[in-house]
Each structure stands twice: as C-alpha cells, then as structure tokens.
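Enquirer: File input28.cif follows (mmCIF, C-alpha atoms):
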```cif
data_structure
loop_
_atom_site.label_atom_id
_atom_site.label_comp_id
_atom_site.auth_asym_id
_atom_site.auth_seq_id
_atom_site.Cartn_x
_atom_site.Cartn_y
_atom_site.Cartn_z
CA MET A 1 -9.57 4.39 21.01
CA ALA A 2 -9.31 2.56 17.70
CA TYR A 3 -10.57 -1.01 17.33
CA ARG A 4 -7.65 -3.33 18.22
CA PRO A 5 -8.46 -6.91 17.16
CA LEU A 6 -4.80 -7.98 17.31
CA ALA A 7 -4.30 -6.89 20.93
CA GLY A 8 -2.06 -9.41 22.67
CA VAL A 9 -0.24 -10.47 19.49
CA ARG A 10 3.54 -10.12 19.84
CA VAL A 11 5.53 -9.15 16.73
CA LEU A 12 9.32 -9.02 16.45
CA ASP A 13 10.03 -6.53 13.68
CA LEU A 14 13.41 -7.00 11.97
CA ALA A 15 12.27 -4.92 9.00
CA ARG A 16 13.91 -1.98 7.32
CA LEU A 17 12.53 0.45 4.77
CA ILE A 18 9.01 0.80 3.39
CA PRO A 19 7.59 -2.68 2.62
CA GLY A 20 8.51 -4.28 5.95
CA ASP A 21 7.76 -1.19 8.02
CA LEU A 22 4.35 -0.78 6.37
CA LEU A 23 3.52 -4.46 6.87
CA THR A 24 4.26 -4.25 10.59
CA ARG A 25 2.50 -0.88 10.85
CA HIS A 26 -0.68 -2.56 9.63
CA LEU A 27 -0.29 -5.05 12.50
CA ALA A 28 0.49 -2.32 15.05
CA ASP A 29 -2.49 -0.26 13.85
CA LEU A 30 -4.72 -3.26 14.59
CA GLY A 31 -3.39 -3.58 18.13
CA ALA A 32 -0.38 -5.89 17.94
CA ASP A 33 2.61 -5.19 20.20
CA VAL A 34 5.20 -4.55 17.47
CA VAL A 35 8.79 -4.36 18.69
CA LYS A 36 11.42 -3.09 16.29
CA VAL A 37 14.81 -4.76 16.69
CA GLU A 38 17.46 -2.16 15.79
CA PRO A 39 21.17 -2.88 16.17
CA PRO A 40 23.00 -0.10 18.04
CA GLY A 41 24.31 2.36 15.47
CA ALA A 42 22.42 0.66 12.62
CA VAL A 43 18.87 1.89 13.06
CA ASP A 44 16.06 1.60 10.53
CA TYR A 45 17.12 3.77 7.59
CA LEU A 46 13.74 5.45 7.48
CA ARG A 47 14.66 7.32 10.65
CA THR A 48 17.32 9.28 8.75
CA ILE A 49 16.14 9.49 5.11
CA PRO A 50 15.16 13.10 4.21
CA PRO A 51 12.99 15.05 4.30
CA LEU A 52 13.19 15.25 8.08
CA TYR A 53 10.97 16.77 10.76
CA GLU A 54 12.41 17.16 14.25
CA GLY A 55 15.32 15.00 13.15
CA GLU A 56 13.18 12.07 11.95
CA GLY A 57 12.30 11.13 8.37
CA HIS A 58 8.76 11.73 7.11
CA HIS A 59 8.47 8.06 6.11
CA HIS A 60 9.50 7.05 9.63
CA TRP A 61 6.77 9.19 11.18
CA ASN A 62 4.22 7.60 8.85
CA LEU A 63 5.29 3.96 8.97
CA ASN A 64 6.62 3.30 12.47
CA ARG A 65 3.91 4.81 14.64
CA GLY A 66 2.75 2.80 17.61
CA LYS A 67 5.84 0.55 17.70
CA ARG A 68 8.35 -0.04 20.47
CA SER A 69 12.10 -0.33 19.84
CA ILE A 70 14.83 -2.46 21.36
CA ALA A 71 18.56 -2.33 20.71
CA LEU A 72 20.08 -5.77 20.02
CA ASP A 73 23.25 -6.67 18.13
CA LEU A 74 22.77 -10.24 16.87
CA ARG A 75 26.54 -10.59 16.52
CA ASN A 76 26.89 -10.18 20.29
CA GLU A 77 26.44 -13.55 22.02
CA ARG A 78 24.48 -12.24 25.01
CA GLU A 79 22.21 -10.05 22.91
CA HIS A 80 21.77 -12.88 20.40
CA GLN A 81 20.51 -15.09 23.21
CA THR A 82 18.10 -12.34 24.31
CA PHE A 83 16.72 -12.22 20.77
CA MET A 84 16.29 -16.00 20.67
CA ARG A 85 14.39 -15.89 23.97
CA LEU A 86 12.12 -13.19 22.55
CA ALA A 87 11.63 -15.29 19.41
CA ASP A 88 10.48 -18.16 21.63
CA VAL A 89 7.52 -16.11 22.91
CA ALA A 90 6.75 -14.08 19.77
CA ASP A 91 3.69 -14.80 17.65
CA VAL A 92 5.13 -13.23 14.49
CA ILE A 93 8.59 -12.37 13.17
CA VAL A 94 8.90 -10.05 10.16
CA GLU A 95 12.25 -9.64 8.44
CA VAL A 96 13.52 -7.86 5.35
CA SER A 97 16.85 -9.08 3.97
CA HIS A 98 18.54 -10.97 1.18
CA PRO A 99 17.71 -14.67 1.52
CA GLY A 100 20.14 -16.29 3.95
CA ARG A 101 21.36 -13.13 5.66
CA PHE A 102 19.87 -13.92 9.06
CA ALA A 103 20.97 -17.55 8.85
CA ALA A 104 24.52 -16.20 8.54
CA LEU A 105 23.91 -14.34 11.82
CA GLY A 106 22.83 -17.54 13.53
CA VAL A 107 19.07 -16.96 13.22
CA ASP A 108 17.58 -19.96 11.39
CA PHE A 109 13.87 -19.26 10.91
CA GLY A 110 13.28 -22.78 9.61
CA ALA A 111 14.78 -24.28 12.76
CA ILE A 112 12.79 -21.90 14.98
CA ARG A 113 9.57 -22.91 13.24
CA ARG A 114 10.36 -26.61 13.55
CA ARG A 115 10.67 -26.02 17.27
CA ARG A 116 7.62 -23.75 17.34
CA PRO A 117 5.29 -24.67 14.43
CA GLU A 118 2.74 -22.12 15.62
CA LEU A 119 5.13 -19.23 14.87
CA VAL A 120 4.40 -17.01 11.85
CA VAL A 121 7.44 -15.72 9.96
CA ALA A 122 7.14 -13.23 7.09
CA SER A 123 10.28 -12.80 4.98
CA VAL A 124 9.98 -9.73 2.77
CA THR A 125 12.31 -9.46 -0.22
CA ALA A 126 12.38 -7.73 -3.58
CA TYR A 127 12.07 -10.83 -5.76
CA GLY A 128 11.33 -13.69 -3.39
CA GLN A 129 13.28 -16.43 -1.64
CA THR A 130 13.83 -18.36 -4.87
CA GLY A 131 14.17 -17.69 -8.58
CA PRO A 132 16.73 -16.08 -10.89
CA LEU A 133 16.34 -12.59 -9.38
CA ALA A 134 16.42 -13.62 -5.72
CA GLN A 135 19.86 -12.09 -5.09
CA LEU A 136 19.31 -8.91 -7.12
CA PRO A 137 19.39 -5.80 -4.88
CA ALA A 138 16.45 -3.48 -5.41
CA HIS A 139 14.71 -0.29 -4.49
CA GLY A 140 11.06 0.46 -5.10
CA MET A 141 11.13 1.93 -8.59
CA SER A 142 13.40 -0.80 -9.95
CA MET A 143 10.84 -3.40 -8.84
CA ASP A 144 7.99 -1.34 -10.29
CA ALA A 145 9.81 -1.14 -13.61
CA MET A 146 10.39 -4.91 -13.72
CA ALA A 147 6.71 -5.56 -12.89
CA GLY A 148 5.17 -3.25 -15.49
CA VAL A 149 3.67 -0.80 -12.97
CA ALA A 150 6.19 2.07 -13.05
CA PHE A 151 5.08 5.56 -14.07
CA ILE A 152 7.57 6.28 -16.87
CA ALA A 153 7.70 9.53 -18.84
CA ARG A 154 9.78 10.17 -21.96
CA ARG A 155 10.95 13.47 -23.39
CA GLU A 156 13.63 14.39 -25.89
CA GLY A 157 15.01 10.87 -26.01
CA ARG A 158 15.28 10.57 -22.24
CA ALA A 159 13.23 8.24 -20.03
CA PHE A 160 12.59 9.09 -16.39
CA PHE A 161 10.18 8.21 -13.60
CA GLY A 162 7.02 10.30 -13.89
CA ARG A 163 4.91 11.79 -11.13
CA GLY A 164 2.77 9.21 -9.40
CA PRO A 165 2.33 8.20 -5.79
CA VAL A 166 5.41 9.17 -3.75
CA THR A 167 6.13 5.52 -3.11
CA SER A 168 6.59 2.27 -4.97
CA LEU A 169 3.53 0.22 -5.90
CA ALA A 170 5.61 -2.93 -5.35
CA ASN A 171 6.37 -1.84 -1.78
CA GLU A 172 2.76 -0.94 -1.04
CA ALA A 173 1.28 -4.11 -2.54
CA ALA A 174 3.79 -6.38 -0.80
CA ALA A 175 3.03 -4.82 2.58
CA ASN A 176 -0.71 -5.24 2.08
CA HIS A 177 -0.50 -8.83 0.81
CA GLY A 178 1.99 -9.66 3.54
CA ALA A 179 -0.18 -8.30 6.33
CA ILE A 180 -3.20 -10.27 5.05
CA ALA A 181 -1.12 -13.45 4.93
CA VAL A 182 0.26 -12.89 8.44
CA ILE A 183 -3.21 -12.39 9.89
CA ALA A 184 -4.49 -15.49 8.06
CA ALA A 185 -1.55 -17.52 9.39
CA LEU A 186 -2.19 -16.22 12.90
CA TYR A 187 -5.77 -17.46 12.60
CA SER A 188 -4.50 -20.85 11.46
CA ALA A 189 -2.07 -20.97 14.38
CA ARG A 190 -4.90 -20.28 16.81
CA MET A 191 -7.20 -22.87 15.22
CA THR A 192 -4.75 -25.66 14.35
CA GLY A 193 -1.44 -24.86 16.04
CA GLN A 194 0.21 -24.47 12.63
CA GLY A 195 1.59 -21.11 11.58
CA ALA A 196 3.53 -20.44 8.38
CA TRP A 197 6.74 -19.12 6.88
CA ILE A 198 5.55 -16.57 4.31
CA ASP A 199 7.62 -15.61 1.26
CA VAL A 200 6.58 -12.00 0.54
CA SER A 201 7.96 -10.80 -2.80
CA CYS A 202 7.48 -7.15 -3.70
CA TRP A 203 7.85 -7.99 -7.38
CA ASP A 204 5.23 -10.75 -7.15
CA ALA A 205 2.80 -8.32 -5.54
CA ALA A 206 3.33 -5.66 -8.22
CA ALA A 207 3.28 -8.10 -11.13
CA GLU A 208 -0.01 -9.55 -9.88
CA MET A 209 -1.59 -6.14 -10.43
CA ASN A 210 -1.15 -6.84 -14.15
CA ARG A 211 -3.30 -9.96 -13.93
CA ALA A 212 -5.57 -8.73 -16.76
CA ALA A 213 -2.68 -8.26 -19.19
CA ILE A 214 -1.06 -11.55 -18.16
CA THR A 215 -4.33 -13.44 -18.56
CA TYR A 216 -5.08 -11.88 -21.95
CA ASN A 217 -1.63 -12.65 -23.30
CA LEU A 218 -1.65 -16.26 -22.12
CA ILE A 219 -5.16 -16.92 -23.47
CA GLU A 220 -4.95 -14.98 -26.72
CA GLY A 221 -1.26 -15.50 -27.44
CA ARG A 222 -0.62 -11.79 -28.01
CA PRO A 223 -0.56 -8.48 -26.11
CA ARG A 224 -3.76 -6.51 -25.68
CA GLU A 225 -4.63 -3.92 -28.32
CA ILE A 226 -5.24 -0.75 -26.33
CA GLY A 227 -6.56 2.35 -28.07
CA MET A 228 -7.65 4.36 -25.07
CA ASP A 229 -6.83 7.65 -26.78
CA SER A 230 -9.99 7.31 -28.88
CA TRP A 231 -12.27 6.14 -26.09
CA SER A 232 -15.07 8.55 -25.24
CA LEU A 233 -17.08 6.98 -22.41
CA TYR A 234 -14.11 5.93 -20.27
CA SER A 235 -11.90 8.94 -20.65
CA ILE A 236 -10.56 12.28 -19.44
CA TYR A 237 -11.92 15.68 -20.49
CA GLU A 238 -10.88 19.26 -19.89
CA ALA A 239 -13.42 21.49 -18.15
CA SER A 240 -13.91 25.23 -18.66
CA ASP A 241 -11.47 26.07 -15.85
CA GLY A 242 -8.67 23.94 -17.31
CA ARG A 243 -9.02 21.16 -14.75
CA GLU A 244 -9.63 17.61 -15.89
CA VAL A 245 -12.72 15.47 -15.39
CA VAL A 246 -13.05 11.69 -15.68
CA LEU A 247 -16.13 10.11 -17.27
CA CYS A 248 -16.73 6.36 -16.83
CA ALA A 249 -20.21 5.85 -18.34
CA ILE A 250 -19.46 2.45 -19.87
CA GLU A 251 -22.77 0.85 -18.89
CA ARG A 252 -25.79 1.81 -20.96
CA LYS A 253 -27.80 2.98 -17.96
CA PHE A 254 -25.07 5.41 -16.95
CA PHE A 255 -24.67 6.86 -20.42
CA GLU A 256 -28.45 7.31 -20.65
CA ARG A 257 -28.40 9.28 -17.40
CA PHE A 258 -25.49 11.38 -18.62
CA CYS A 259 -27.22 12.16 -21.94
CA ALA A 260 -30.41 13.11 -20.09
CA GLY A 261 -28.42 15.34 -17.73
CA ILE A 262 -26.75 17.31 -20.51
CA GLY A 263 -29.97 17.43 -22.54
CA ARG A 264 -28.56 15.38 -25.42
CA PRO A 265 -30.60 12.15 -25.65
CA ASP A 266 -29.64 12.06 -29.34
CA LEU A 267 -26.13 10.96 -28.36
CA MET A 268 -27.53 7.57 -27.38
CA SER A 269 -27.50 6.72 -31.07
CA ALA A 270 -23.73 6.24 -30.68
CA TRP A 271 -24.41 3.20 -28.53
CA GLU A 272 -24.78 -0.13 -30.27
CA ALA A 273 -28.46 -1.12 -30.39
CA GLY A 274 -29.47 -3.44 -27.58
CA GLU A 275 -26.04 -3.63 -25.90
CA ALA A 276 -26.23 -3.33 -22.10
CA SER A 277 -22.48 -2.91 -21.44
CA VAL A 278 -19.56 -2.37 -21.99
CA ASP A 279 -19.06 0.38 -24.57
CA TYR A 280 -15.92 2.49 -24.41
CA GLY A 281 -17.14 4.78 -27.19
CA ASN A 282 -15.39 6.17 -30.24
CA GLU A 283 -13.43 9.13 -31.55
CA SER A 284 -16.44 10.90 -33.08
CA LEU A 285 -18.36 10.85 -29.81
CA ARG A 286 -15.24 11.96 -27.95
CA GLN A 287 -14.94 15.09 -30.07
CA THR A 288 -18.56 15.96 -29.28
CA LEU A 289 -18.09 15.41 -25.55
CA GLU A 290 -14.93 17.53 -25.49
CA LYS A 291 -17.10 20.53 -26.43
CA VAL A 292 -19.73 19.56 -23.82
CA PHE A 293 -17.23 19.36 -20.96
CA ARG A 294 -15.76 22.78 -21.77
CA MET A 295 -19.14 24.31 -20.89
CA ALA A 296 -18.74 23.98 -17.08
CA THR A 297 -16.03 23.91 -14.42
CA ALA A 298 -14.60 20.71 -13.03
CA GLU A 299 -16.36 21.21 -9.67
CA GLU A 300 -19.66 21.76 -11.46
CA TRP A 301 -19.14 18.51 -13.36
CA LEU A 302 -18.37 16.65 -10.14
CA HIS A 303 -21.62 17.81 -8.56
CA ARG A 304 -23.55 16.92 -11.73
CA LEU A 305 -22.08 13.41 -11.84
CA ILE A 306 -23.12 12.88 -8.22
CA ALA A 307 -26.62 14.24 -8.87
CA TRP A 308 -27.07 12.22 -12.08
CA ASP A 309 -25.67 9.00 -10.54
CA VAL A 310 -22.98 8.66 -13.21
CA PRO A 311 -19.47 7.25 -12.51
CA GLY A 312 -16.63 9.73 -12.86
CA GLY A 313 -14.68 12.31 -10.93
CA LEU A 314 -11.78 14.73 -10.97
CA ILE A 315 -8.11 14.29 -11.74
CA VAL A 316 -6.43 14.93 -8.37
CA THR A 317 -2.64 14.71 -8.09
CA SER A 318 -0.90 13.21 -5.08
CA ASP A 319 0.38 16.67 -4.15
CA GLU A 320 -3.18 18.05 -4.13
CA LEU A 321 -4.63 15.40 -1.81
CA ALA A 322 -3.64 17.12 1.43
CA GLU A 323 -6.04 19.96 0.58
CA PHE A 324 -8.74 17.81 -1.01
CA GLU A 325 -11.82 18.26 1.18
CA VAL A 326 -12.89 14.62 0.90
CA TRP A 327 -9.72 13.67 2.81
CA THR A 328 -10.90 15.64 5.85
CA GLU A 329 -14.55 14.64 5.60
CA ARG A 330 -13.65 10.94 5.48
CA GLY A 331 -11.49 11.30 8.59
CA LEU A 332 -8.38 9.91 6.90
CA VAL A 333 -5.96 12.18 8.73
CA GLU A 334 -5.41 13.51 12.23
CA ARG A 335 -3.86 16.91 11.64
CA ASP A 336 -1.11 18.28 13.89
CA TRP A 337 -0.68 14.84 15.47
CA ILE A 338 2.91 15.43 16.65
CA GLY A 339 3.81 19.06 16.05
CA ARG A 340 3.11 19.63 12.36
CA VAL A 341 3.21 15.89 11.56
CA PRO A 342 -0.20 14.53 10.47
CA ASN A 343 -1.28 11.02 11.37
CA VAL A 344 -2.39 9.50 8.05
CA LEU A 345 -4.72 6.71 9.14
CA GLY A 346 -5.48 3.28 7.71
CA ALA A 347 -7.70 2.98 4.65
CA VAL A 348 -10.51 1.05 6.33
CA ARG A 349 -13.08 2.31 8.79
CA PHE A 350 -14.86 0.21 11.40
CA LEU A 351 -18.48 1.31 11.31
CA ASP A 352 -19.33 0.03 14.79
CA ASP A 353 -17.32 2.79 16.44
CA GLY A 354 -16.19 4.89 13.47
CA SER A 355 -12.51 4.30 14.17
CA ARG A 356 -9.68 3.71 11.71
CA PRO A 357 -6.47 1.69 12.17
CA GLY A 358 -3.77 3.88 13.68
CA GLN A 359 -6.19 6.37 15.19
CA GLY A 360 -4.78 7.77 18.42
CA ALA A 361 -1.47 5.90 18.03
CA GLY A 362 1.67 7.33 19.53
CA PRO A 363 4.87 7.96 17.58
CA ALA A 364 7.57 5.34 17.25
CA SER A 365 9.94 5.13 20.18
CA GLN A 366 13.49 6.34 19.90
CA ALA A 367 15.83 3.57 18.78
CA GLY A 368 16.43 1.15 21.65
CA ALA A 369 14.30 3.12 24.12
CA ASP A 370 12.14 0.14 25.13
CA THR A 371 14.76 -2.58 25.54
CA ALA A 372 14.32 -3.06 29.28
CA ALA A 373 10.54 -2.70 29.18
CA VAL A 374 10.13 -5.25 26.37
CA VAL A 375 12.42 -7.79 28.06
CA GLU A 376 10.42 -7.34 31.25
CA SER A 377 6.98 -7.58 29.65
CA TRP A 378 7.79 -10.43 27.26
CA LEU A 379 10.23 -12.45 29.35
CA GLY A 380 9.50 -11.36 32.89
CA ALA A 381 13.16 -10.70 33.52
#
```
Would you give me this structure, written as structure tokens?
Expert:
Amino acid sequence: MAYRPLAGVRVLDLARLIPGDLLTRHLADLGADVVKVEPPGAVDYLRTIPPLYEGEGHHHWNLNRGKRSIALDLRNEREHQTFMRLADVADVIVEVSHPGRFAALGVDFGAIRRRRPELVVASVTAYGQTGPLAQLPAHGMSMDAMAGVAFIARREGRAFFGRGPVTSLANEAAANHGAIAVIAALYSARMTGQGAWIDVSCWDAAAEMNRAAITYNLIEGRPREIGMDSWSLYSIYEASDGREVVLCAIERKFFERFCAGIGRPDLMSAWEAGEASVDYGNESLRQTLEKVFRMATAEEWLHRLIAWDVPGGLIVTSDELAEFEVWTERGLVERDWIGRVPNVLGAVRFLDDGSRPGQGAGPASQAGADTAAVVESWLGA
C-alpha cells in the first residue's frame, strides 16, 4: 500500500480535462478521497477523447485513477442542494471553468469561503481569474505558445507543433503548482483555521519556466544572446550507431575527467586558465569532439559517462520511454494494471517503504457510480 499522508482529506472535484484532473490525481495519489462531480450526460471529456481502451480515453485512465464519481446537475434544485451540503463538509474544492461560470450556476466560492474560512478552493483556468486574457478560451498548446514553451518546428514556410511530450507544459506545470498550493493551504487550515482561494493559471505556470529569460531581459534590457550551436561542452553528439549523446561537462572537474577518460588530456588547453566553471566550449573543440563521439556507440558512451562520473546521457524520445530500461528499474510503472493499461506512477518515491504515489490505486469509477455511497459517507444520509 502506497504512503497516504492525505488520508481523510475530502476533495470535491469539479475539474475537466488535463490540468484539473492531474491536480486532483496528485491529491488522490496521496490518499485524499477525491470525488468527481459529473453532470448526467456531461461527463469529464477525458473519458471519451481518443485513443480509447475498453471505451475509456487513455488520458482518463492515467489521470482519474483512485477517484470516486457522483452524478449531480447543479441546475437541478435538489441536486444543487446536495452539492452545497457536500461543499459544507469538503476540505478542498477544485474547479476548472471560465471565471464566473459557477457563480452563474448559483455556486459562489467566495460566499462559501466566508462561511467556511478553512475551506481550500483551487480555481484552474488558462490565463487566471484576472487580466486581459482571462476570458480567452484555450487548449494546452495555445497556452504553451503564449508562454514561450511550445515545441515549434518550421519547414517550407509552414509552422507546426513539433514532437515533444504528448501533453502541454502549461497543463503539467499548473497541476503541479496547484497541488503544492492546495497542500500548503490545507496545512494552514489545520494550523490556523484559514484556508485559501487559489488562482491557478496554466499560462502563469508555463511562463514562470522562462524565469531565466525574463530575469535576463529585465536586468540587461535586451534578450539573451544564445549561440548553443557552437557550444562543445554542453551539447549533443552523434555516436557510431547514429544515436545521439548529450555531454554536459561545463565544470572544470568534469571536463578533466572526460579528457582523462578518452585519453586526451591535451584538450584541457581549450579551457580558460584558472576558470573553475562554467565553460560551454567553442566551435573548434566541438569539431574535435564530434570525431571522438563517433568512435563508440551511444550505449558505450552512457556507460563511460557513468564510470567517469561525467554529466551527460542519451537522447530518448517520449515514444521510446516505454521501452527504456531505467523506467522499469526505477519502478515508475505497474504494467498490465487494468488489462493492457499501465499504471504510470507519481514521480516521487518514499524511501521509508519504497512506495510511489498512485501505487496500487484502482481505476476511476464509472460516471455517477458512487453517488449514493458518497452521500452516505460524507453526509450520513
């Protein structure tokens, strides 16, 4: 059984799509009782977005594990009252909508929090609750593009999204930041009785990844000058088998070890005298190292880098990860979890018992399957 530090925490999940579902999955993986609220006939879209397995979307299998589901139509007076009663005993409410949508349905999160200041509400949107883009509809890649984190390729005068992670960085970052903020607010609620209403913006989360570029521009008054194509010590090389190897020997000690390993101590002359770090190298050194790396396979280089204690690695695409042996050895996936569906576990590991968030979790319930059970367990009626 995985470590469950949030056991006993009650979460009403009004989320749809990746950022909200991933945020609440983080909470469910850590033991919270996450209850998805799905209007009859208007279930979470991830249940039906292809590709499908056994009638359920792959994203749904990944992001809604371990959650219960209730069917409530907030436009129905009786079901609206049931929701409000559940909100009165919940610890956390997570919602994903345009600002003001739930208020139009008679759910005023501000009023609920004034009545229950210990409640934590996380409102997940594309561009935040305020600002000039607050009402702009979005999907993942549009937010990535606006935040400077999209993988964009260009060919023959046409721009298109290139191959990167099969998700949006804005979605992923927002879910992670949001989950951290929810847990921090839960701690505050336990210690002081004061929760929080959290404005989770996917764009904010993605744009913050560019903190180095933002900082440089604001300090220096100009964009960074990036000439990575001529870097030699923080770069990519082709091995003898055509695969690509990454070298990151930008501290003097690491480059010394690399030069010793390849039997070329003379290459240290390329390093500025007396400089400890950081040196990204130059075009002349790069041309020399291109010949060196073509003398062994990528796997051979990986083992050498490990043996020599030099930073680097292999270029592994997202589509190759499922067969990458490190994935299995790190215990990041439970294969054949439900039929052929793997259970891709959380990225942290608790060393006390070796467990990972999500380990041993069950699949998400069918839409509305737990309505009676949740009402009974949360409300006693």
Enquirer: Could you work out how far CA of Val292 (chain A) lies from CA of Arg252 (chain A), giving the answer in Å with one decimal?
Expert: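 Separation between CA of Arg252 (chain A) and CA of Val292 (chain A): 19.0 Å.
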Enquirer: In Å to one decimal, how far is CA of Ala173 (chain A) from CA of Pro363 (chain A)?
Expert: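 Answer for the CA of Pro363 (chain A) to CA of Ala173 (chain A) separation: 23.7 Å.
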Enquirer: With 6 Å as the cut-off and only C-alpha atoms counted, what is the closest atom pair between each nearby residue of region 29-136 of chain A and region 187-200 of chain A? Distances in Å to one decimal, ordered by chain and number, as CSV.
Expert:
```
residue,atom,partner,partner_atom,distance
A:Pro117,CA,A:Gln194,CA,5.4
A:Glu118,CA,A:Gly195,CA,4.3
A:Leu119,CA,A:Gly195,CA,5.2
A:Val120,CA,A:Ala196,CA,5.0
A:Val121,CA,A:Trp197,CA,4.6
A:Ala122,CA,A:Ile198,CA,4.6
A:Ser123,CA,A:Asp199,CA,5.4
A:Val124,CA,A:Val200,CA,4.7
```
Enquirer: Translate the PyMOL selection byres ((chain A and resi 147) around 10) into a concrete residue list for this structure, as an MDAnalysis selection string.
Expert: chainID A and resid 141:146 148:150 169:170 202:210
Enquirer: What is the CA of Asn282 (chain A)-CA of Leu247 (chain A) distance in Å, reported with one decimal?
Expert: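 Interatomic distance, CA of Asn282 (chain A) to CA of Leu247 (chain A): 13.6 Å.
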Enquirer: May I have the residues at most 9 Å from (7.1, -15.3, 19.8) in the file's coordinates, counting all atoms listed in the file, as a PyMOL selection string?
Expert: chain A and resi 9-12+85-93+116+119-120+378
Enquirer: Counting only C-alpha atoms, which residue out of A:Leu321, A:Ile250, A:Met228, A:Val316 sits closest to Glu283 (chain A)?
Expert: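 The answer is A:Met228, which sits nearest to Glu283 (chain A).
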Enquirer: Point out the residue among A:Val375, A:Val310, A:Met84, A:Ala322 with the least atom-to-atom distance to Lys253 (chain A), counting only C-alpha atoms.
Expert: A:Val310
Enquirer: Apply the PyMOL selection byres ((chain A and resi 15) around 8) to the structure shown and report the selected residues as a VMD selection string.
Expert: chain A and resid 13 to 14 16 to 17 20 to 21 36 44 94 to 97
Enquirer: Take the PyMOL selection byres ((chain A and resi 332) around 8), apply it to the structure above, and return the hits as a ChimeraX atom specification.
Expert: /A:327-331,333-334,344-347,356
Enquirer: For Ala296 (chain A), which residue out of A:Phe255, A:Tyr237, A:Trp308, A:Tyr280 is the nearest one, using only C-alpha atoms?
Expert: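 Nearest candidate to Ala296 (chain A) out of A:Phe255, A:Tyr237, A:Trp308, A:Tyr280: A:Tyr237.
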Enquirer: Pick out the closest residue to Val34 (chain A) from this set: A:Leu351, A:Gly362, A:Gly66, A:Glu54. Count all atoms listed in the file.
Expert: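 For Val34 (chain A), the nearest of the candidates is A:Gly66.
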Enquirer: Tell me which of A:Asp352, A:His303, A:Asn76, A:Gln135 sits closest to Gly100 (chain A), counting all atoms listed in the file.
Expert: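 Nearest to Gly100 (chain A): A:Gln135.
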Enquirer: In terms of the shortest atom-to-atom distance over all atoms listed in the file, which of A:Trp61, A:Phe350, A:Phe258, A:Phe109 is closest to Ala2 (chain A)?
Expert: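 The answer is A:Phe350, which sits nearest to Ala2 (chain A).
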Enquirer: Need the shell around Pro99 (chain A): protein/DNA/RNA residues with any atom at most 9 Å away, counting all atoms listed in the file. Skip same-chain ones fewer than 5 positions apart. Format as a PDB file with C-alpha atoms, in the coordinates of the input?
Expert:
```pdb
ATOM      1  CA  SER A 123      10.280 -12.800   4.980  1.00  0.00           C
ATOM      2  CA  THR A 125      12.310  -9.460  -0.220  1.00  0.00           C
ATOM      3  CA  GLY A 128      11.330 -13.690  -3.390  1.00  0.00           C
ATOM      4  CA  GLN A 129      13.280 -16.430  -1.640  1.00  0.00           C
ATOM      5  CA  THR A 130      13.830 -18.360  -4.870  1.00  0.00           C
ATOM      6  CA  ALA A 134      16.420 -13.620  -5.720  1.00  0.00           C
ATOM      7  CA  GLN A 135      19.860 -12.090  -5.090  1.00  0.00           C
TER       8      GLN A 135
END
```
Enquirer: What would region 128-139 of chain A look like with N, CA and C atoms restored, written as a PDB file, in the coordinates of the input?
Expert:
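After the write, part.pdb holds the following:
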```pdb
ATOM      1  N   GLY A 128      11.674 -12.395  -3.926  1.00  0.00           N
ATOM      2  CA  GLY A 128      11.330 -13.690  -3.390  1.00  0.00           C
ATOM      3  C   GLY A 128      12.529 -14.483  -2.898  1.00  0.00           C
ATOM      4  N   GLN A 129      12.246 -15.577  -2.211  1.00  0.00           N
ATOM      5  CA  GLN A 129      13.280 -16.430  -1.640  1.00  0.00           C
ATOM      6  C   GLN A 129      13.947 -17.309  -2.695  1.00  0.00           C
ATOM      7  N   THR A 130      13.293 -17.496  -3.817  1.00  0.00           N
ATOM      8  CA  THR A 130      13.830 -18.360  -4.870  1.00  0.00           C
ATOM      9  C   THR A 130      13.691 -17.655  -6.212  1.00  0.00           C
ATOM     10  N   GLY A 131      14.294 -18.229  -7.246  1.00  0.00           N
ATOM     11  CA  GLY A 131      14.170 -17.690  -8.580  1.00  0.00           C
ATOM     12  C   GLY A 131      15.419 -16.966  -9.037  1.00  0.00           C
ATOM     13  N   PRO A 132      15.505 -16.657 -10.327  1.00  0.00           N
ATOM     14  CA  PRO A 132      16.730 -16.080 -10.890  1.00  0.00           C
ATOM     15  C   PRO A 132      17.065 -14.685 -10.402  1.00  0.00           C
ATOM     16  N   LEU A 133      16.086 -13.955  -9.842  1.00  0.00           N
ATOM     17  CA  LEU A 133      16.340 -12.590  -9.380  1.00  0.00           C
ATOM     18  C   LEU A 133      16.469 -12.496  -7.863  1.00  0.00           C
ATOM     19  N   ALA A 134      16.478 -13.628  -7.181  1.00  0.00           N
ATOM     20  CA  ALA A 134      16.420 -13.620  -5.720  1.00  0.00           C
ATOM     21  C   ALA A 134      17.541 -12.819  -5.079  1.00  0.00           C
ATOM     22  N   GLN A 135      18.715 -12.788  -5.682  1.00  0.00           N
ATOM     23  CA  GLN A 135      19.860 -12.090  -5.090  1.00  0.00           C
ATOM     24  C   GLN A 135      20.082 -10.694  -5.678  1.00  0.00           C
ATOM     25  N   LEU A 136      19.157 -10.237  -6.523  1.00  0.00           N
ATOM     26  CA  LEU A 136      19.310  -8.910  -7.120  1.00  0.00           C
ATOM     27  C   LEU A 136      18.894  -7.828  -6.138  1.00  0.00           C
ATOM     28  N   PRO A 137      19.790  -6.908  -5.754  1.00  0.00           N
ATOM     29  CA  PRO A 137      19.390  -5.800  -4.880  1.00  0.00           C
ATOM     30  C   PRO A 137      18.347  -4.926  -5.573  1.00  0.00           C
ATOM     31  N   ALA A 138      17.519  -4.264  -4.798  1.00  0.00           N
ATOM     32  CA  ALA A 138      16.450  -3.480  -5.410  1.00  0.00           C
ATOM     33  C   ALA A 138      16.046  -2.321  -4.526  1.00  0.00           C
ATOM     34  N   HIS A 139      15.496  -1.319  -5.162  1.00  0.00           N
ATOM     35  CA  HIS A 139      14.710  -0.290  -4.490  1.00  0.00           C
ATOM     36  C   HIS A 139      13.364  -0.249  -5.216  1.00  0.00           C
TER      37      HIS A 139
END
```
